[in-house]
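J.: Once you've had a glance at the structure underneath, I'll fire off some questions.
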Amino acid sequence: MVISNKPLKFILAALVACSPVMSFANSENDSTHVQIETAHEEKVISHNAPLEGEHEALDPKAKVDAFIDHHLQDSHDFVFFSDEKENKHYGFPLPVILIDGGLKIFSSSKLHHGEEVAAVDGNFYKLVHGKIYKTDAAGTITFNEHGHPENVKPLDFSITKNVVSMLFVSVLLFLMFTGLAKSYKKGPIPTGFGRVLEPLIIFIRDEIAIPNIGEKKYRKYMGYLLTVFFFIWLLNLLGMTPLGINVTGNIAITVCLAAFTFIITQFSANKEYWGHIFWMPGVPVPMKIILAPIEILGTLTKPFALLIRLYANITAGHVVIMSLIAMIFVGKNLAADLPISMGLTLFISVIEVLVAFLQAFIFTMLSSLFIGMAVQEHDHHHADENVII
Amino acid sequence: MDKLINDFSFGLFFWQALILLVLILLLVKFAWKPIMESITAREEGIKNALLSAENAKREMENLQADNQRILNEARAERDAMLKEAREMREKMIADSKNEAQEQGQKMIEQAKAAIESEKNAAMAELKLQVSTLSLSIAEKLLKEELSNKESQTKLVEKMLGDVKLN
C-alpha cells in the first residue's frame with residue numbers, strides 16, 4: 001500500500017501544530033465555569049467592593065503590585081502617565097474591535113480605563129483588569145471564587161498597546177532593512193546604519209543558521225530567523241524604554257512566536273525526522289512503541305520551552321525593575337532609598353539590555369536548532385549528538 | 001498556570017500572527033533576499049579575488065623559478081661553451097705545434113738529405129775536377145819532364161829512390 005508522503009505530512013503537522021493553541025484557548029473557560037456555579041452569587045458583592053474602592057483604599061505595597069500587574073498586561077489605550085489625585089490619564093485611546101454578534105468598533109476612550117460602561121449598539125462593555133466583558137447598563141460584573149469575572153467575554157480583536165508596538169517595530173524593521181538592502185545597490189559595502197546591521201545579519205547566518213541547519217539548507221530559513229531575531233530584540237529593547245510597553249513578556253506573543261517555529265519545523269521535517277519520532281530506528285520493537293509517545297510529546301515540549309523561556313525572562317526583568325523603582329514609594333526615607341533604588345535599577349537595567357539581546361539570540365538559536373534537527377540527514381549520527389549537546 | 005491561561009488573549013495572538021506573517025513576507029521580499037544576495041555575492045567576490053591572487057602569486061613563483069632555471073641553464077651552457085672553446089684552443093695549439101714540429105722535422109730531414117746529396121755531388125765533382133786537374137798537371141808535367149831529359153832521369157831516379165824506401 002502506498003500512501004503519498006506529502007498530504008500525510010501536512011495533516012500530521014497541522015494536527016500537532018494546533019494542539020498547543022487549542023489547549024491554551026479551551027481550558028480557561030471550561031474548567032472555571034463548572035466549579036463556581038453555586039458560589040458566585042455571594043461573591044458578587046464581596047469582590048465588587050474592593051474594585052470600586054481600589055483607588056483610595058489600597059496601601060502603597062498593594063498599589064505597587066497592582067501597578068506592576070497592570071503594566072505587565074496588554075492594555076486598550078496608550079497611557080504614558082497618570083495623575084492619581086485628579087484621576088487623569090495622559091496618553092491616547094486606541095480602537096477597540098469586538099466580535100459580539102457582529103463587528104463592534106469603537107474608541108477605547110469610551111471605556112474610560114475601566115471606570116465607565118461603554119454602550120455600543122445596545123450592548124454594554126466594561127474593562128476589568130485589561131479585559132473587556134459584556135455587561136448590563138449598570139456595569140455589573142460577577143466574580144467566581146478565584147476572583148475572575150464570570151461575564152461573557154466577547155472575542156477581542158482590539159488594536160491594543162502591544163499591537164501598536166508591534167506595528168511600530170515592524171515599520172522600523174522594514175525601514176531599517178530595506179534601507180540596508182538599498183545601500184547595496186550603491187556599492188558592495190553598506191553605508192551608515194547598515195554597517196551596524198550587516199554584522200548582525202552575518203552573525204545570525206554564521207553563528208546560528210549555518211552551524212545548526214547546515215550549509216546546504218540554511219538559506220531557506222534565513223528570512224524567518226532574521227525576522228524573528230530582530231523582531232524580538234527590538235521589542236525587548238522597546239520594553240526597556242519608559243514607554244511602559246511589555247510585548248515579549250506577554251504570553252500570547254510568545255505562544256505565537258513559538259507556534260511559528262513549531263509549524264515551520266513540522267513542515268520542513270524530512271522522512272528521517274518522522275521516522276525518529278514514530279518508529280525509532282535501531283531499538284527493539286517494544287521500545288519503539290514506548291518511545292513514540294515520548295517523542296511526540298518531545299515535539300510539543302520544544303516550542304513550549306521556547307515560549308515559556310522568553311515570556312518568563314522578559315516578565316521577570318520587568319517585575320524586578322519596577323519593584324526596584326517602587327522601593328522609593330514604599331520606603332519611608334527618600335534620601336536613603338533613592339540611591340539604593342536607582343543604583344540597583346541601573347544595575348538590573350544593564351543586565352536587562354544584555355538579556356534583551358540574549359533572549360532574542362536564544363529564541364533564534366533554538367528555533368534554528370529545532371529546524372536543523374528536522375531537516376538534517378541522519379546518515380551521521382555522531383554529528384547529531386554533538387549538536388544536541 | 002491559571003494566570004498564564006487567563007492572560008492569553010486570542011486577539012493579540014491573532015494580530016501578532018498576522019503582523020509577523022506579513023512582516024516576514026515583506027522583509028524576505030524587500031530586505032533579506034537582496035541583502036543575503038549582496039552579502040553572498042560580495043563574499044564570493046572576495047573569495048575569488050583571494051583565490052586569483054593566490055594563483056597569481058603561485059604563477060609568479062613558478063615564473064621566477066623558471067627564470068632562475070633558465071638563467072642557470074644559460075650560465076651552465078656558457079660555461080660549457082667556454083670550456084669547450086678553451087679545450088679546442090688548446091687542442092688546436094697542441095695540434096699545430098705537433099704539426100709544425102713534424103713539418104720542421106721533415107724539412108730538416110729533407111734538407112739534410114739534400115745537403116748529403118749535394119755534398120756527395122760536390123764531392124764527386126770535386127773528385128772529378130781533382131782527377132782532371134791532376135791528370136792535366138800530370139800531362140803538363142810529363143810534357144815538361146819529357147822535354148827535358150835531365151829532369152826525366154832525375155824523376156825516374158827519384159821515383160826509384162821512393163820505391164826503395166817502400
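Here, A, B, ... name the chains of the C-alpha cells in the order displayed, residue numbers run from 1 inside each chain, and ligands are numbered from 1 in the same displayed order.
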Would you kindly report the residues of chain B within 8 Å of chain A, using only C-alpha atoms, as a PyMOL selection string?

T.: chain B and resi 2+4-17+19+23-24+26-28+30-35+38-39+42

J.: What would the file look like if the residues just selected were written as a PDB file, in the first residue's frame with C-alpha atoms?

T.:
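Done, and the output landed in again_39.pdb:
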ATOM      1  CA  ASP B   2      -4.106  29.608  35.666  1.00  0.00           C
ATOM      2  CA  LEU B   4      -0.929  32.402  32.277  1.00  0.00           C
ATOM      3  CA  ILE B   5      -4.017  30.970  30.642  1.00  0.00           C
ATOM      4  CA  ASN B   6      -6.097  33.896  31.825  1.00  0.00           C
ATOM      5  CA  ASP B   7      -3.515  36.287  30.398  1.00  0.00           C
ATOM      6  CA  PHE B   8      -3.669  34.672  26.998  1.00  0.00           C
ATOM      7  CA  SER B   9      -5.520  36.963  24.659  1.00  0.00           C
ATOM      8  CA  PHE B  10      -6.683  35.459  21.422  1.00  0.00           C
ATOM      9  CA  GLY B  11      -6.990  38.845  19.768  1.00  0.00           C
ATOM     10  CA  LEU B  12      -3.372  39.671  20.484  1.00  0.00           C
ATOM     11  CA  PHE B  13      -2.349  36.232  19.230  1.00  0.00           C
ATOM     12  CA  PHE B  14      -4.242  36.858  16.025  1.00  0.00           C
ATOM     13  CA  TRP B  15      -2.710  40.283  15.448  1.00  0.00           C
ATOM     14  CA  GLN B  16       0.765  39.036  16.298  1.00  0.00           C
ATOM     15  CA  ALA B  17       0.428  36.138  13.864  1.00  0.00           C
ATOM     16  CA  ILE B  19       1.811  41.093  11.744  1.00  0.00           C
ATOM     17  CA  LEU B  23       6.500  41.230   8.250  1.00  0.00           C
ATOM     18  CA  ILE B  24       8.310  38.022   7.324  1.00  0.00           C
ATOM     19  CA  LEU B  26       7.698  41.774   3.281  1.00  0.00           C
ATOM     20  CA  LEU B  27      11.179  41.558   4.760  1.00  0.00           C
ATOM     21  CA  VAL B  28      12.029  38.416   2.807  1.00  0.00           C
ATOM     22  CA  PHE B  30      12.375  43.562   0.127  1.00  0.00           C
ATOM     23  CA  ALA B  31      15.203  43.102   2.595  1.00  0.00           C
ATOM     24  CA  TRP B  32      16.560  39.647   3.364  1.00  0.00           C
ATOM     25  CA  LYS B  33      16.710  38.418  -0.194  1.00  0.00           C
ATOM     26  CA  PRO B  34      18.631  41.377  -1.663  1.00  0.00           C
ATOM     27  CA  ILE B  35      20.774  41.670   1.476  1.00  0.00           C
ATOM     28  CA  SER B  38      24.574  41.055  -1.931  1.00  0.00           C
ATOM     29  CA  ILE B  39      26.498  39.624   1.008  1.00  0.00           C
ATOM     30  CA  ARG B  42      30.460  40.103  -2.094  1.00  0.00           C
TER      31      ARG B  42
END

J.: Compile the contact shell of Tyr221 (chain A) as a ChimeraX atom specification: residues with an atom at most 9 Å away, counting only C-alpha atoms, same-chain residues fewer than 3 positions apart removed.

T.: /A:209,213,217-218,224-226,264,368,371

J.: Keeping C-alpha atoms for every residue in the selection just given, could you write it to a file as a PDB file, in the first residue's frame?

T.:
ATOM      1  CA  ALA A 209      21.826  29.276  10.938  1.00  0.00           C
ATOM      2  CA  ILE A 213      20.764  23.856   9.995  1.00  0.00           C
ATOM      3  CA  LYS A 217      19.657  24.107   3.690  1.00  0.00           C
ATOM      4  CA  TYR A 218      20.120  27.165   5.865  1.00  0.00           C
ATOM      5  CA  TYR A 224      12.314  33.632   9.314  1.00  0.00           C
ATOM      6  CA  LEU A 225      15.306  33.531  11.666  1.00  0.00           C
ATOM      7  CA  LEU A 226      16.437  37.064  10.850  1.00  0.00           C
ATOM      8  CA  ILE A 264       7.992  25.716  10.245  1.00  0.00           C
ATOM      9  CA  SER A 368      17.219  27.071  14.116  1.00  0.00           C
ATOM     10  CA  ILE A 371      14.583  23.284  12.303  1.00  0.00           C
TER      11      ILE A 371
END

J.: Pick from A:Met240, A:Glu115, A:Gly372, A:Leu297: nearest to Asn87 (chain A), with only C-alpha atoms counted?

T.: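 Nearest candidate to Asn87 (chain A) out of A:Met240, A:Glu115, A:Gly372, A:Leu297: A:Glu115.
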
J.: Could you work out how far CA of Ala374 (chain A) lies from CA of Ala269 (chain A), giving the answer in Å with one decimal?

T.: 4.4 Å

J.: Excluding Ala118 (chain A) and residues on its chain fewer than 2 positions from it, collect all residues at most 12 Å away from it, counting only C-alpha atoms, and give them as a ChimeraX atom specification.

T.: /A:96,104-116,120-127,132-139

J.: Could the residues in this selection be written to a file with N, CA and C atoms, as a PDB file, in the first residue's frame?

T.:
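Once everything was written out, this is result.pdb:
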ATOM      1  N   VAL A  96     -10.994  49.815  19.669  1.00  0.00           N
ATOM      2  CA  VAL A  96     -11.405  48.520  20.204  1.00  0.00           C
ATOM      3  C   VAL A  96     -12.232  47.826  19.128  1.00  0.00           C
ATOM      4  N   LYS A 104     -17.959  45.095  16.259  1.00  0.00           N
ATOM      5  CA  LYS A 104     -18.175  46.333  17.020  1.00  0.00           C
ATOM      6  C   LYS A 104     -16.844  47.071  17.105  1.00  0.00           C
ATOM      7  N   ILE A 105     -16.803  48.257  16.521  1.00  0.00           N
ATOM      8  CA  ILE A 105     -15.569  49.038  16.570  1.00  0.00           C
ATOM      9  C   ILE A 105     -15.860  50.364  17.262  1.00  0.00           C
ATOM     10  N   PHE A 106     -15.106  50.649  18.312  1.00  0.00           N
ATOM     11  CA  PHE A 106     -15.253  51.952  18.969  1.00  0.00           C
ATOM     12  C   PHE A 106     -13.930  52.335  19.626  1.00  0.00           C
ATOM     13  N   SER A 107     -13.834  53.592  20.026  1.00  0.00           N
ATOM     14  CA  SER A 107     -12.592  54.058  20.643  1.00  0.00           C
ATOM     15  C   SER A 107     -12.537  53.610  22.097  1.00  0.00           C
ATOM     16  N   SER A 108     -11.330  53.317  22.545  1.00  0.00           N
ATOM     17  CA  SER A 108     -11.190  52.841  23.916  1.00  0.00           C
ATOM     18  C   SER A 108     -11.440  53.960  24.913  1.00  0.00           C
ATOM     19  N   SER A 109     -11.546  55.202  24.434  1.00  0.00           N
ATOM     20  CA  SER A 109     -11.846  56.297  25.365  1.00  0.00           C
ATOM     21  C   SER A 109     -13.235  56.119  25.972  1.00  0.00           C
ATOM     22  N   LYS A 110     -14.085  55.366  25.265  1.00  0.00           N
ATOM     23  CA  LYS A 110     -15.430  55.106  25.801  1.00  0.00           C
ATOM     24  C   LYS A 110     -15.397  54.270  27.068  1.00  0.00           C
ATOM     25  N   LEU A 111     -14.345  53.464  27.187  1.00  0.00           N
ATOM     26  CA  LEU A 111     -14.274  52.567  28.354  1.00  0.00           C
ATOM     27  C   LEU A 111     -13.763  53.297  29.586  1.00  0.00           C
ATOM     28  N   HIS A 112     -13.119  54.431  29.382  1.00  0.00           N
ATOM     29  CA  HIS A 112     -12.598  55.246  30.496  1.00  0.00           C
ATOM     30  C   HIS A 112     -11.744  54.438  31.459  1.00  0.00           C
ATOM     31  N   HIS A 113     -10.828  53.672  30.933  1.00  0.00           N
ATOM     32  CA  HIS A 113      -9.881  52.874  31.731  1.00  0.00           C
ATOM     33  C   HIS A 113     -10.589  51.989  32.745  1.00  0.00           C
ATOM     34  N   GLY A 114     -11.741  51.474  32.357  1.00  0.00           N
ATOM     35  CA  GLY A 114     -12.449  50.540  33.230  1.00  0.00           C
ATOM     36  C   GLY A 114     -13.350  51.226  34.237  1.00  0.00           C
ATOM     37  N   GLU A 115     -13.430  52.556  34.154  1.00  0.00           N
ATOM     38  CA  GLU A 115     -14.238  53.261  35.154  1.00  0.00           C
ATOM     39  C   GLU A 115     -15.688  53.418  34.714  1.00  0.00           C
ATOM     40  N   GLU A 116     -15.912  53.311  33.418  1.00  0.00           N
ATOM     41  CA  GLU A 116     -17.288  53.503  32.961  1.00  0.00           C
ATOM     42  C   GLU A 116     -17.691  52.372  32.032  1.00  0.00           C
ATOM     43  N   VAL A 120     -22.401  50.340  23.221  1.00  0.00           N
ATOM     44  CA  VAL A 120     -22.203  50.302  21.784  1.00  0.00           C
ATOM     45  C   VAL A 120     -23.314  49.482  21.148  1.00  0.00           C
ATOM     46  N   ASP A 121     -24.087  50.094  20.306  1.00  0.00           N
ATOM     47  CA  ASP A 121     -25.190  49.441  19.585  1.00  0.00           C
ATOM     48  C   ASP A 121     -26.091  48.641  20.529  1.00  0.00           C
ATOM     49  N   GLY A 122     -26.404  49.188  21.655  1.00  0.00           N
ATOM     50  CA  GLY A 122     -27.302  48.499  22.580  1.00  0.00           C
ATOM     51  C   GLY A 122     -26.630  47.440  23.432  1.00  0.00           C
ATOM     52  N   ASN A 123     -25.326  47.226  23.238  1.00  0.00           N
ATOM     53  CA  ASN A 123     -24.594  46.301  24.106  1.00  0.00           C
ATOM     54  C   ASN A 123     -23.726  47.127  25.057  1.00  0.00           C
ATOM     55  N   PHE A 124     -23.447  46.548  26.238  1.00  0.00           N
ATOM     56  CA  PHE A 124     -22.643  47.272  27.220  1.00  0.00           C
ATOM     57  C   PHE A 124     -21.367  46.504  27.514  1.00  0.00           C
ATOM     58  N   TYR A 125     -20.266  47.214  27.522  1.00  0.00           N
ATOM     59  CA  TYR A 125     -18.982  46.567  27.774  1.00  0.00           C
ATOM     60  C   TYR A 125     -18.247  47.287  28.886  1.00  0.00           C
ATOM     61  N   LYS A 126     -17.507  46.491  29.654  1.00  0.00           N
ATOM     62  CA  LYS A 126     -16.732  47.083  30.741  1.00  0.00           C
ATOM     63  C   LYS A 126     -15.352  46.449  30.759  1.00  0.00           C
ATOM     64  N   LEU A 127     -14.359  47.264  31.127  1.00  0.00           N
ATOM     65  CA  LEU A 127     -12.976  46.803  31.161  1.00  0.00           C
ATOM     66  C   LEU A 127     -12.646  46.398  32.594  1.00  0.00           C
ATOM     67  N   ILE A 132     -12.031  42.988  28.276  1.00  0.00           N
ATOM     68  CA  ILE A 132     -13.357  43.567  28.053  1.00  0.00           C
ATOM     69  C   ILE A 132     -14.419  42.493  28.279  1.00  0.00           C
ATOM     70  N   TYR A 133     -15.420  42.817  29.115  1.00  0.00           N
ATOM     71  CA  TYR A 133     -16.507  41.881  29.393  1.00  0.00           C
ATOM     72  C   TYR A 133     -17.820  42.521  28.995  1.00  0.00           C
ATOM     73  N   LYS A 134     -18.744  41.644  28.620  1.00  0.00           N
ATOM     74  CA  LYS A 134     -20.082  42.141  28.294  1.00  0.00           C
ATOM     75  C   LYS A 134     -20.845  42.308  29.598  1.00  0.00           C
ATOM     76  N   THR A 135     -21.541  43.401  29.715  1.00  0.00           N
ATOM     77  CA  THR A 135     -22.241  43.639  30.970  1.00  0.00           C
ATOM     78  C   THR A 135     -23.571  44.326  30.678  1.00  0.00           C
ATOM     79  N   ASP A 136     -24.255  44.730  31.755  1.00  0.00           N
ATOM     80  CA  ASP A 136     -25.529  45.452  31.548  1.00  0.00           C
ATOM     81  C   ASP A 136     -25.290  46.947  31.727  1.00  0.00           C
ATOM     82  N   ALA A 137     -26.349  47.701  31.668  1.00  0.00           N
ATOM     83  CA  ALA A 137     -26.228  49.147  31.707  1.00  0.00           C
ATOM     84  C   ALA A 137     -25.594  49.634  33.000  1.00  0.00           C
ATOM     85  N   ALA A 138     -25.792  48.882  34.084  1.00  0.00           N
ATOM     86  CA  ALA A 138     -25.239  49.291  35.367  1.00  0.00           C
ATOM     87  C   ALA A 138     -23.775  48.881  35.526  1.00  0.00           C
ATOM     88  N   GLY A 139     -23.317  48.008  34.648  1.00  0.00           N
ATOM     89  CA  GLY A 139     -21.927  47.572  34.709  1.00  0.00           C
ATOM     90  C   GLY A 139     -21.676  46.508  35.748  1.00  0.00           C
TER      91      GLY A 139
END

J.: Between CA of Ala360 (chain A) and CA of Phe229 (chain A), what distance in Å does the model show, to one decimal?

T.: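 Computing the Euclidean distance for CA of Ala360 (chain A) and CA of Phe229 (chain A) yields 5.3 Å.
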